[in-house]
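Visitor: One file: work-v4.txt (compact mmCIF, C-alpha atoms).
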```txt
# COMPACT_ATOMS: atom_id res chain seq x y z
CA MET N 3 -24.13 52.76 -49.68
CA ASN N 4 -22.36 55.41 -51.74
CA LEU N 5 -22.95 58.24 -49.29
CA LYS N 6 -20.90 60.79 -51.23
CA HIS N 7 -22.94 60.19 -54.39
CA LEU N 8 -26.23 60.31 -52.48
CA ALA N 9 -25.16 63.54 -50.79
CA GLU N 10 -24.42 65.08 -54.20
CA VAL N 11 -27.89 64.11 -55.43
CA ALA N 12 -29.51 65.59 -52.32
CA ILE N 13 -27.47 68.79 -52.71
CA GLU N 14 -28.61 69.19 -56.31
CA ALA N 15 -32.22 68.67 -55.20
CA ALA N 16 -31.98 71.13 -52.31
CA VAL N 17 -30.24 73.93 -54.21
CA SER N 18 -32.41 73.76 -57.33
CA THR N 19 -35.57 73.64 -55.23
CA GLY N 20 -34.37 76.45 -52.98
CA LYS N 21 -33.81 78.71 -55.97
CA TYR N 22 -37.35 77.99 -57.12
CA ILE N 23 -38.76 78.75 -53.66
CA VAL N 24 -37.06 82.11 -53.20
CA GLU N 25 -38.34 83.29 -56.59
CA THR N 26 -41.94 82.20 -55.91
CA ARG N 27 -44.68 83.68 -53.78
CA PRO N 28 -47.59 81.57 -52.50
CA LEU N 29 -51.01 82.27 -53.96
CA LYS N 30 -52.99 80.48 -51.25
CA VAL N 31 -52.31 79.54 -47.64
CA GLU N 32 -54.02 76.42 -46.29
CA HIS N 33 -54.20 74.88 -42.80
CA LYS N 34 -53.47 71.18 -42.32
CA GLY N 35 -55.80 70.73 -39.36
CA ASN N 36 -53.36 68.66 -37.30
CA GLY N 37 -53.93 70.65 -34.13
CA GLY N 38 -50.41 72.06 -33.94
CA SER N 39 -49.16 75.64 -33.75
CA LEU N 40 -49.68 78.11 -36.59
CA ALA N 41 -46.15 77.44 -37.81
CA THR N 42 -46.83 73.70 -38.17
CA GLU N 43 -50.35 74.17 -39.52
CA VAL N 44 -49.74 76.35 -42.58
CA VAL N 45 -48.97 74.89 -45.99
CA THR N 46 -48.95 76.36 -49.51
CA GLU N 47 -48.91 75.12 -53.07
CA VAL N 48 -45.20 76.06 -53.09
CA ASP N 49 -44.51 73.46 -50.37
CA ARG N 50 -46.11 70.75 -52.49
CA ALA N 51 -44.45 71.83 -55.73
CA SER N 52 -41.10 71.97 -53.95
CA GLN N 53 -41.57 68.43 -52.69
CA GLU N 54 -42.24 67.22 -56.22
CA LYS N 55 -39.08 68.93 -57.49
CA ILE N 56 -37.01 67.23 -54.79
CA LEU N 57 -38.54 63.82 -55.49
CA GLN N 58 -37.83 64.17 -59.20
CA CYS N 59 -34.14 64.59 -58.38
CA LEU N 60 -34.06 61.76 -55.86
CA GLU N 61 -36.24 59.35 -57.85
CA PRO N 62 -33.39 57.31 -59.45
CA THR N 63 -31.89 56.56 -56.03
CA PHE N 64 -34.94 54.74 -54.69
CA ALA N 65 -34.53 51.69 -56.93
CA GLU N 66 -30.74 51.85 -57.22
CA PHE N 67 -30.17 51.86 -53.44
CA ASP N 68 -33.49 50.37 -52.27
CA LEU N 69 -34.41 53.44 -50.20
CA GLY N 70 -37.59 54.31 -48.31
CA LEU N 71 -39.19 57.72 -48.03
CA LEU N 72 -40.67 60.02 -45.41
CA THR N 73 -41.66 63.52 -46.43
CA GLU N 74 -43.72 66.23 -44.78
CA GLU N 75 -46.32 66.79 -47.47
CA SER N 76 -47.25 63.14 -48.09
CA PRO N 77 -48.64 60.39 -45.84
CA ASP N 78 -46.14 58.09 -44.15
CA ASP N 79 -46.11 54.93 -46.32
CA GLY N 80 -44.18 52.90 -43.75
CA SER N 81 -41.21 52.24 -46.05
CA ARG N 82 -38.92 53.85 -43.45
CA LEU N 83 -39.59 50.84 -41.23
CA THR N 84 -38.73 48.20 -43.81
CA LYS N 85 -35.80 49.68 -45.75
CA ASP N 86 -32.24 49.94 -44.44
CA TYR N 87 -32.21 53.69 -45.21
CA PHE N 88 -34.81 56.28 -46.11
CA TRP N 89 -34.87 59.83 -47.43
CA CYS N 90 -36.46 62.26 -44.97
CA ILE N 91 -37.56 65.50 -46.62
CA ASP N 92 -38.91 68.87 -45.56
CA PRO N 93 -39.38 70.86 -48.79
CA ILE N 94 -39.86 74.14 -46.92
CA ASP N 95 -39.04 74.11 -43.24
CA GLY N 96 -40.29 77.42 -41.88
CA THR N 97 -43.31 77.90 -44.11
CA LEU N 98 -44.59 80.70 -41.85
CA PRO N 99 -41.55 82.98 -42.33
CA PHE N 100 -41.62 82.06 -46.04
CA ILE N 101 -45.23 83.27 -46.28
CA GLU N 102 -44.31 86.46 -44.42
CA GLY N 103 -41.29 87.11 -46.64
CA LEU N 104 -38.86 86.79 -43.71
CA PRO N 105 -35.62 84.82 -43.30
CA GLY N 106 -35.86 81.55 -41.37
CA TYR N 107 -36.95 79.00 -43.98
CA ALA N 108 -34.87 76.32 -45.69
CA VAL N 109 -34.89 73.13 -47.71
CA SER N 110 -33.91 70.13 -45.59
CA ILE N 111 -33.03 66.62 -46.81
CA ALA N 112 -31.62 63.79 -44.70
CA LEU N 113 -30.78 60.14 -45.27
CA ILE N 114 -31.61 58.14 -42.14
CA SER N 115 -30.90 54.51 -41.28
CA ARG N 116 -33.62 52.16 -40.10
CA GLU N 117 -32.08 52.53 -36.62
CA GLY N 118 -32.89 56.26 -36.71
CA ILE N 119 -29.38 57.61 -37.30
CA PRO N 120 -28.93 60.41 -39.88
CA PHE N 121 -26.10 59.58 -42.28
CA ILE N 122 -26.52 62.55 -44.62
CA GLY N 123 -27.80 66.01 -43.78
CA VAL N 124 -28.35 68.72 -46.42
CA VAL N 125 -29.72 72.18 -45.69
CA TYR N 126 -30.06 75.01 -48.19
CA ASP N 127 -30.92 78.53 -47.05
CA PRO N 128 -32.46 80.22 -50.12
CA VAL N 129 -32.35 83.69 -48.53
CA THR N 130 -28.55 83.80 -48.18
CA GLU N 131 -27.91 81.17 -50.87
CA THR N 132 -25.91 79.15 -48.36
CA LEU N 133 -25.55 75.38 -48.54
CA TYR N 134 -24.76 73.28 -45.48
CA HIS N 135 -24.22 69.54 -45.58
CA ALA N 136 -22.61 66.69 -43.71
CA ILE N 137 -21.89 63.00 -44.18
CA ARG N 138 -21.64 60.86 -41.06
CA ASP N 139 -17.96 60.38 -40.20
CA GLY N 140 -17.14 62.31 -43.36
CA GLY N 141 -17.18 65.89 -42.10
CA ALA N 142 -19.34 68.99 -42.41
CA PHE N 143 -19.30 71.49 -45.25
CA ARG N 144 -20.46 75.04 -45.91
CA ASN N 145 -20.93 75.90 -49.57
CA SER N 146 -19.16 72.60 -50.33
CA LYS N 147 -15.97 73.61 -48.48
CA PRO N 148 -14.87 71.87 -45.27
CA TRP N 149 -16.45 73.73 -42.37
CA LYS N 150 -15.26 73.96 -38.79
CA PRO N 151 -16.89 76.93 -37.01
CA ASP N 152 -14.95 78.54 -34.20
CA PHE N 153 -16.63 77.44 -30.98
CA SER N 154 -13.78 78.58 -28.73
CA ASP N 155 -15.66 81.61 -27.39
CA THR N 156 -17.48 80.54 -24.23
CA GLU N 157 -17.44 83.96 -22.54
CA SER N 158 -19.74 85.97 -24.81
CA LYS N 159 -23.42 86.25 -23.96
CA LEU N 160 -25.41 83.19 -24.95
CA THR N 161 -27.90 83.54 -27.81
CA ILE N 162 -30.97 81.33 -27.95
CA PHE N 163 -32.85 80.70 -31.16
CA THR N 164 -36.31 79.22 -30.99
CA ASP N 165 -39.68 78.80 -32.65
CA ARG N 166 -42.29 81.51 -32.40
CA SER N 167 -44.66 79.37 -30.34
CA GLU N 168 -41.89 78.39 -27.93
CA GLY N 169 -40.95 82.03 -27.33
CA ASP N 170 -44.38 82.57 -25.76
CA ASN N 171 -43.94 79.58 -23.45
CA PRO N 172 -43.39 80.70 -19.79
CA GLN N 173 -41.25 77.59 -19.21
CA PHE N 174 -38.99 78.59 -22.09
CA GLN N 175 -38.82 82.20 -20.93
CA ALA N 176 -37.83 81.16 -17.41
CA ALA N 177 -35.07 78.87 -18.71
CA ALA N 178 -33.72 81.52 -21.09
CA ASN N 179 -33.61 84.12 -18.33
CA ALA N 180 -31.94 81.70 -15.91
CA LEU N 181 -29.25 81.04 -18.52
CA GLY N 182 -28.71 84.79 -18.90
CA ALA N 183 -29.31 84.59 -22.62
CA ASP N 184 -30.53 86.90 -25.34
CA TRP N 185 -33.40 85.42 -27.33
CA GLY N 186 -36.25 86.30 -29.63
CA THR N 187 -35.13 85.46 -33.18
CA TYR N 188 -37.68 83.07 -34.64
CA GLY N 189 -37.20 80.76 -37.59
CA GLY N 190 -38.15 77.25 -38.57
CA GLY N 191 -36.48 74.42 -36.68
CA VAL N 192 -33.85 73.87 -39.36
CA MET N 193 -32.64 77.47 -39.53
CA ASN N 194 -32.80 77.87 -35.74
CA ALA N 195 -30.21 75.10 -35.47
CA ILE N 196 -28.11 76.49 -38.33
CA TRP N 197 -28.18 79.99 -36.82
CA CYS N 198 -26.73 78.51 -33.63
CA LEU N 199 -23.72 77.26 -35.58
CA GLU N 200 -23.30 80.66 -37.24
CA HIS N 201 -23.62 82.65 -33.96
CA ALA N 202 -21.82 80.68 -31.26
CA PRO N 203 -22.12 80.49 -28.34
CA ALA N 204 -25.76 79.62 -28.94
CA CYS N 205 -28.43 77.00 -28.37
CA TYR N 206 -31.91 76.05 -29.52
CA PHE N 207 -34.34 74.09 -27.40
CA LYS N 208 -37.99 73.08 -27.36
CA PHE N 209 -39.76 71.63 -24.35
CA PRO N 210 -41.97 68.54 -24.70
CA LYS N 211 -45.64 69.18 -25.30
CA ALA N 212 -48.80 67.12 -25.41
CA GLY N 213 -50.13 66.04 -28.78
CA THR N 214 -48.55 67.03 -32.08
CA GLY N 215 -46.87 70.19 -33.31
CA GLY N 216 -43.56 69.86 -31.47
CA GLY N 217 -41.55 69.05 -34.56
CA CYS N 218 -41.03 65.91 -36.65
CA PHE N 219 -38.09 63.84 -37.87
CA TRP N 220 -37.73 66.03 -40.96
CA ASP N 221 -37.33 69.16 -38.79
CA PHE N 222 -34.21 67.89 -37.00
CA ALA N 223 -32.56 65.02 -38.90
CA ALA N 224 -30.38 67.00 -41.34
CA THR N 225 -29.14 69.45 -38.71
CA ALA N 226 -28.52 66.63 -36.22
CA CYS N 227 -26.15 65.10 -38.78
CA ILE N 228 -24.36 68.42 -39.28
CA PHE N 229 -24.07 69.00 -35.52
CA HIS N 230 -22.65 65.50 -35.04
CA GLU N 231 -19.91 66.12 -37.59
CA LEU N 232 -18.99 69.43 -35.92
CA GLY N 233 -18.81 67.90 -32.45
CA ALA N 234 -21.73 70.06 -31.33
CA TRP N 235 -24.69 68.94 -29.20
CA ALA N 236 -27.94 67.58 -30.67
CA THR N 237 -30.21 65.49 -28.42
CA ASP N 238 -33.68 65.44 -27.00
CA ILE N 239 -34.49 67.82 -24.13
CA SER N 240 -33.20 65.29 -21.57
CA GLY N 241 -29.85 64.79 -23.26
CA LYS N 242 -30.75 61.42 -24.81
CA PRO N 243 -29.91 60.61 -28.46
CA PHE N 244 -32.63 61.36 -30.99
CA ASP N 245 -34.79 58.44 -32.05
CA LEU N 246 -35.51 59.46 -35.62
CA ASN N 247 -37.44 56.37 -36.69
CA ARG N 248 -40.00 55.47 -34.05
CA GLU N 249 -42.68 53.06 -35.21
CA ASP N 250 -45.54 54.83 -33.46
CA THR N 251 -45.01 58.45 -34.51
CA VAL N 252 -42.98 60.85 -36.65
CA TYR N 253 -43.32 63.58 -34.01
CA LEU N 254 -40.77 64.53 -31.36
CA SER N 255 -43.22 66.55 -29.29
CA HIS N 256 -43.00 63.91 -26.53
CA CYS N 257 -39.28 64.48 -25.94
CA GLY N 258 -38.41 68.01 -27.11
CA VAL N 259 -35.06 68.98 -28.62
CA LEU N 260 -31.77 70.50 -27.46
CA PHE N 261 -29.14 71.83 -29.87
CA SER N 262 -26.05 73.62 -28.58
CA THR N 263 -22.73 74.76 -29.98
CA HIS N 264 -21.02 73.83 -26.70
CA PRO N 265 -21.53 70.73 -24.51
CA GLU N 266 -21.03 72.98 -21.47
CA ILE N 267 -24.05 75.07 -22.42
CA ALA N 268 -26.18 71.96 -22.92
CA GLU N 269 -25.05 70.59 -19.55
CA ARG N 270 -25.93 73.89 -17.86
CA PHE N 271 -29.37 73.67 -19.37
CA LEU N 272 -29.81 70.04 -18.30
CA LYS N 273 -28.72 70.85 -14.75
CA LEU N 274 -31.11 73.80 -14.62
CA LYS N 275 -33.93 71.62 -15.95
CA GLU N 276 -33.21 68.96 -13.32
CA GLU N 277 -33.18 71.52 -10.52
CA ARG N 278 -36.55 72.88 -11.59
CA ALA N 279 -38.17 69.48 -12.10
```
For this file, produce the structure as C-alpha cells.
Guide:
Amino acid sequence: MNLKHLAEVAIEAAVSTGKYIVETRPLKVEHKGNGGSLATEVVTEVDRASQEKILQCLEPTFAEFDLGLLTEESPDDGSRLTKDYFWCIDPIDGTLPFIEGLPGYAVSIALISREGIPFIGVVYDPVTETLYHAIRDGGAFRNSKPWKPDFSDTESKLTIFTDRSEGDNPQFQAAANALGADWGTYGGGVMNAIWCLEHAPACYFKFPKAGTGGGCFWDFAATACIFHELGAWATDISGKPFDLNREDTVYLSHCGVLFSTHPEIAERFLKLKEERA
C-alpha cells in the first residue's frame, strides 16, 4: 500500500469538498429515521453532494489498490469485510452545526484495515480552512506541516468537548463536574476530538447508550489515527482499543468513546468511572 499517495488523494478530496461545503447552504433538511439524536438524524442535499465529490476523487484508488468502502450516506455494501483496506468517509461530520451556520463541522476520511485499524486519517475544517492528517507510523500534520502540539501543561483547568446530546446527559454532567472541568462547547464528533488537540489539556468522551446514535466508525476513525500519531489517547469508554470494523454493526454506541490529550486525564476518568460503577 502506498499510504503517502493515498493520503494525498484523500487530502485533495477533503479540501476540495470542504471548500464546496462552506460556500453552500442547504435548501432542505431531512431526517434519516434511524432513532438517534437530532445531530445523527439530520441530513441535507449538501451531505449527499459532498459524498459524491469525495468519491469522484477517490474512485481511481478502488481498482488500483483493491479497496472497499464505507460511507455515511450510502448503505454498507460489506466490502469492508472482504477487502484488506477500506475507505471510511463522513462527508459532513457535524451536519447540525453546519445547518445552523456554526463551527463544529468537518470533512473526515480514513483508510482502515480489515482488522479495524486506521492507517490514514484526514480531517478538513472548512470554517478555519485547517487541514489535519496522519499516516500510521508516519506522523501527524497540520496544514501539511509536521505537527506536535504542546501537551506539557497538565496544571491548567481541563476542558471537555462533547456532543450536544451528551451535554444533557446527567451521567456526563456528573463525570465532568467530578473532573473539575469546564465544558459546554458542542461540535460533531470529529471536531470535538480536534478541538481537544488544539486546547490541551482536554478530553472528549461519550458514554455507551442503547440502540443507535452513539457514533459510527466514520465519526472516530480519522481522529483516532491522528491521536495515535501524536501519542494521545483514543479508546472506547473503558480504555479498550477501538474496533473499527465489527461485522455486526458500524455503530460504537455499545462501547462509547474516550479521547484525551493526556493519558493521565484518561486514567483519572477511567478510575472515576470504575468507582461509580
Visitor: Could you give me the centre and size, in Å to one decimal, of an axis-aligned box around all listed atoms of stretch 221-235 of chain N with 3 Å added on every side, as AutoDock Vina command-line options?
Guide:
```
--center_x -28.1 --center_y 67.5 --center_z -35.3 --size_x 24.5 --size_y 11.0 --size_z 18.1
```
Visitor: Quick one: which stretch 166-259 of chain N residues come within 10 Å of stretch 93-116 of chain N, and what is the nearest atom pair for each with the distance in Å to one decimal, counting only C-alpha atoms, rows ordered by chain and ascending number, as a Markdown table?
Guide:
```
| residue | atom | partner | partner_atom | distance |
| --- | --- | --- | --- | --- |
| N:Arg166 | CA | N:Leu98 | CA | 9.8 |
| N:Thr187 | CA | N:Gly106 | CA | 9.1 |
| N:Tyr188 | CA | N:Gly106 | CA | 7.1 |
| N:Gly189 | CA | N:Gly106 | CA | 4.1 |
| N:Gly190 | CA | N:Gly96 | CA | 3.9 |
| N:Gly191 | CA | N:Asp95 | CA | 7.0 |
| N:Val192 | CA | N:Asp95 | CA | 6.5 |
| N:Met193 | CA | N:Gly106 | CA | 5.5 |
| N:Asn194 | CA | N:Gly106 | CA | 7.4 |
| N:Ile196 | CA | N:Gly106 | CA | 9.7 |
| N:Trp197 | CA | N:Gly106 | CA | 9.1 |
| N:Phe219 | CA | N:Ala112 | CA | 9.4 |
| N:Trp220 | CA | N:Ser110 | CA | 7.3 |
| N:Asp221 | CA | N:Asp95 | CA | 6.9 |
| N:Phe222 | CA | N:Ser110 | CA | 8.9 |
| N:Ala223 | CA | N:Ala112 | CA | 6.0 |
| N:Ala224 | CA | N:Ala112 | CA | 4.8 |
| N:Thr225 | CA | N:Ser110 | CA | 8.4 |
| N:Ala226 | CA | N:Ala112 | CA | 9.5 |
| N:Cys227 | CA | N:Ala112 | CA | 8.2 |
| N:Leu246 | CA | N:Ile114 | CA | 7.7 |
| N:Asn247 | CA | N:Arg116 | CA | 6.6 |
| N:Arg248 | CA | N:Arg116 | CA | 9.4 |
```
Visitor: What lies within 9 Å of N:Thr19 using all atoms listed in the file, ignoring chain neighbours under 5 positions off, as a ChimeraX atom specification?
Guide: /N:14,24,52-53,55-56,93,109,128
Visitor: Please identify all polymer residues within 7 Å of stretch 57-68 of chain N, counting all atoms listed in the file, omitting same-chain residues fewer than 6 positions from it, and present them as a list in words.
Guide: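 Skipping anything fewer than 6 positions along the chain leaves Val11, Ala12, Ala15 and Lys85 of chain N.
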Visitor: Any idea what the distance is between atom CA of N:Asp184 and atom CA of N:Thr161?
Guide: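 A separation of 4.9 Å between them.
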Visitor: Rank N:His135, N:Lys150, N:Arg50, N:Lys275 by their smallest atom-to-atom distance to N:Ile23, using only C-alpha atoms, and report the top residue only.
Guide: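 Checking each candidate against N:Ile23, we get N:Arg50 as the closest.
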Visitor: Tell me, in Å to one decimal, how far atom CA of N:Leu133 is from atom CA of N:Thr46.
Guide: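 Value for the atom CA of N:Leu133-atom CA of N:Thr46 distance: 23.4 Å.
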Visitor: Please report the interatomic distance between atom CA of N:Asp86 and atom CA of N:Phe121 in Å with one decimal.
Guide: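 A separation of 11.6 Å between them.
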Visitor: Dump as a PyMOL selection string all residues having an atom at most 12 Å from (-23.4, 78.4, -36.7), computed in the file's coordinates with only C-alpha atoms.
Guide: chain N and resi 132+134+142-144+149-153+161-163+192-206+225+228-229+232+234+261-264
Visitor: Of the candidates N:Arg270, N:Val252, N:Ala9, N:Met3, which shows the shortest atom-to-atom distance to N:Leu83, using all atoms listed in the file?
Guide: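 When distances to N:Leu83 are compared using all atoms listed in the file, the smallest one comes from N:Val252.
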Visitor: Counting only C-alpha atoms, what is within 12 Å of N:Asp170, bar same-chain residues fewer than 3 positions away, as a compact mmCIF listing (two decimals) with C-alpha atoms, in the coordinates of the input?
Guide:
```txt
# COMPACT_ATOMS: atom_id res chain seq x y z
CA SER N 39 -49.16 75.64 -33.75
CA THR N 164 -36.31 79.22 -30.99
CA ASP N 165 -39.68 78.80 -32.65
CA ARG N 166 -42.29 81.51 -32.40
CA SER N 167 -44.66 79.37 -30.34
CA GLN N 173 -41.25 77.59 -19.21
CA PHE N 174 -38.99 78.59 -22.09
CA GLN N 175 -38.82 82.20 -20.93
CA ALA N 176 -37.83 81.16 -17.41
CA ALA N 178 -33.72 81.52 -21.09
CA TRP N 185 -33.40 85.42 -27.33
CA GLY N 186 -36.25 86.30 -29.63
CA TYR N 188 -37.68 83.07 -34.64
CA LYS N 208 -37.99 73.08 -27.36
CA PHE N 209 -39.76 71.63 -24.35
```
Visitor: Which is closest to N:Leu8 among N:Ile119, N:Val259, N:Ala183, N:Val124, if we use all atoms listed in the file?
Guide: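 Looking only at the distances to N:Leu8, the closest residue turns out to be N:Val124.
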Visitor: Which is closer to N:Glu75 than all the others in N:Asp92, N:Gly123, N:Trp235, N:Thr251, using all atoms listed in the file?
Guide: N:Asp92
Visitor: Choose the residue, out of N:Leu160, N:Val129, N:Ala212, N:Ile267, that has the smallest atom-to-atom separation from N:Val17; count all atoms listed in the file.
Guide: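 Checking each candidate against N:Val17, we get N:Val129 as the closest.
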Visitor: Identify which of the residues N:Pro210, N:Leu72, N:Asp49, N:Ala180 lies closest to N:Tyr22, counting all atoms listed in the file when measuring atom-to-atom distances.
Guide: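 Under the stated criterion, the closest residue is N:Asp49.
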Visitor: Pull C-alpha atoms for stretch 153-227 of chain N from the block and write them as a PDB file, in the first residue's frame.
Guide:
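result_24.pdb was written with the following content:
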```
ATOM      1  CA  PHE N 153       0.820  18.705  25.778  1.00  0.00           C
ATOM      2  CA  SER N 154       3.205  19.602  28.612  1.00  0.00           C
ATOM      3  CA  ASP N 155       0.634  21.689  30.501  1.00  0.00           C
ATOM      4  CA  THR N 156      -1.133  19.398  32.956  1.00  0.00           C
ATOM      5  CA  GLU N 157      -1.934  22.080  35.542  1.00  0.00           C
ATOM      6  CA  SER N 158      -4.435  24.245  33.666  1.00  0.00           C
ATOM      7  CA  LYS N 159      -8.141  23.587  34.067  1.00  0.00           C
ATOM      8  CA  LEU N 160      -9.369  20.670  31.997  1.00  0.00           C
ATOM      9  CA  THR N 161     -11.672  21.425  29.058  1.00  0.00           C
ATOM     10  CA  ILE N 162     -14.194  18.851  27.898  1.00  0.00           C
ATOM     11  CA  PHE N 163     -15.669  18.903  24.422  1.00  0.00           C
ATOM     12  CA  THR N 164     -18.747  16.842  23.718  1.00  0.00           C
ATOM     13  CA  ASP N 165     -21.824  16.358  21.580  1.00  0.00           C
ATOM     14  CA  ARG N 166     -24.953  18.349  22.254  1.00  0.00           C
ATOM     15  CA  SER N 167     -26.964  15.296  23.296  1.00  0.00           C
ATOM     16  CA  GLU N 168     -24.224  14.141  25.661  1.00  0.00           C
ATOM     17  CA  GLY N 169     -24.116  17.530  27.389  1.00  0.00           C
ATOM     18  CA  ASP N 170     -27.685  16.937  28.591  1.00  0.00           C
ATOM     19  CA  ASN N 171     -26.793  13.511  29.984  1.00  0.00           C
ATOM     20  CA  PRO N 172     -26.748  13.539  33.848  1.00  0.00           C
ATOM     21  CA  GLN N 173     -24.049  10.836  33.794  1.00  0.00           C
ATOM     22  CA  PHE N 174     -21.856  13.063  31.635  1.00  0.00           C
ATOM     23  CA  GLN N 175     -22.527  16.116  33.794  1.00  0.00           C
ATOM     24  CA  ALA N 176     -21.584  14.244  36.965  1.00  0.00           C
ATOM     25  CA  ALA N 177     -18.330  12.993  35.442  1.00  0.00           C
ATOM     26  CA  ALA N 178     -17.400  16.437  34.106  1.00  0.00           C
ATOM     27  CA  ASN N 179     -18.032  18.048  37.485  1.00  0.00           C
ATOM     28  CA  ALA N 180     -16.062  15.344  39.306  1.00  0.00           C
ATOM     29  CA  LEU N 181     -13.116  16.005  36.994  1.00  0.00           C
ATOM     30  CA  GLY N 182     -13.347  19.723  37.776  1.00  0.00           C
ATOM     31  CA  ALA N 183     -13.634  20.562  34.108  1.00  0.00           C
ATOM     32  CA  ASP N 184     -15.118  23.341  32.019  1.00  0.00           C
ATOM     33  CA  TRP N 185     -17.465  22.046  29.336  1.00  0.00           C
ATOM     34  CA  GLY N 186     -20.271  23.066  27.034  1.00  0.00           C
ATOM     35  CA  THR N 187     -18.753  23.565  23.573  1.00  0.00           C
ATOM     36  CA  TYR N 188     -20.636  21.320  21.171  1.00  0.00           C
ATOM     37  CA  GLY N 189     -19.476  20.147  17.775  1.00  0.00           C
ATOM     38  CA  GLY N 190     -19.588  16.997  15.715  1.00  0.00           C
ATOM     39  CA  GLY N 191     -17.505  14.069  16.919  1.00  0.00           C
ATOM     40  CA  VAL N 192     -14.630  14.850  14.558  1.00  0.00           C
ATOM     41  CA  MET N 193     -14.197  18.474  15.586  1.00  0.00           C
ATOM     42  CA  ASN N 194     -14.705  17.669  19.276  1.00  0.00           C
ATOM     43  CA  ALA N 195     -11.612  15.455  19.083  1.00  0.00           C
ATOM     44  CA  ILE N 196      -9.653  18.006  17.032  1.00  0.00           C
ATOM     45  CA  TRP N 197     -10.570  20.808  19.451  1.00  0.00           C
ATOM     46  CA  CYS N 198      -9.070  18.706  22.245  1.00  0.00           C
ATOM     47  CA  LEU N 199      -5.730  18.678  20.434  1.00  0.00           C
ATOM     48  CA  GLU N 200      -5.917  22.435  19.886  1.00  0.00           C
ATOM     49  CA  HIS N 201      -6.880  23.239  23.519  1.00  0.00           C
ATOM     50  CA  ALA N 202      -4.899  20.891  25.753  1.00  0.00           C
ATOM     51  CA  PRO N 203      -5.364  19.771  28.441  1.00  0.00           C
ATOM     52  CA  ALA N 204      -8.685  18.484  27.150  1.00  0.00           C
ATOM     53  CA  CYS N 205     -10.777  15.383  26.597  1.00  0.00           C
ATOM     54  CA  TYR N 206     -13.894  14.223  24.776  1.00  0.00           C
ATOM     55  CA  PHE N 207     -16.000  11.308  25.918  1.00  0.00           C
ATOM     56  CA  LYS N 208     -19.350   9.697  25.191  1.00  0.00           C
ATOM     57  CA  PHE N 209     -20.978   7.107  27.410  1.00  0.00           C
ATOM     58  CA  PRO N 210     -22.466   3.922  25.907  1.00  0.00           C
ATOM     59  CA  LYS N 211     -26.131   4.050  25.045  1.00  0.00           C
ATOM     60  CA  ALA N 212     -28.774   1.591  23.939  1.00  0.00           C
ATOM     61  CA  GLY N 213     -29.613   1.373  20.262  1.00  0.00           C
ATOM     62  CA  THR N 214     -28.047   3.589  17.614  1.00  0.00           C
ATOM     63  CA  GLY N 215     -26.981   7.216  17.565  1.00  0.00           C
ATOM     64  CA  GLY N 216     -23.815   6.946  19.646  1.00  0.00           C
ATOM     65  CA  GLY N 217     -21.473   7.490  16.746  1.00  0.00           C
ATOM     66  CA  CYS N 218     -20.151   5.287  13.935  1.00  0.00           C
ATOM     67  CA  PHE N 219     -16.769   4.251  12.561  1.00  0.00           C
ATOM     68  CA  TRP N 220     -16.663   7.310  10.299  1.00  0.00           C
ATOM     69  CA  ASP N 221     -17.073   9.643  13.304  1.00  0.00           C
ATOM     70  CA  PHE N 222     -13.897   8.470  15.046  1.00  0.00           C
ATOM     71  CA  ALA N 223     -11.552   6.662  12.638  1.00  0.00           C
ATOM     72  CA  ALA N 224      -9.672   9.643  11.173  1.00  0.00           C
ATOM     73  CA  THR N 225      -9.157  11.352  14.525  1.00  0.00           C
ATOM     74  CA  ALA N 226      -8.137   8.064  16.172  1.00  0.00           C
ATOM     75  CA  CYS N 227      -5.328   7.843  13.607  1.00  0.00           C
TER      76      CYS N 227
END
```
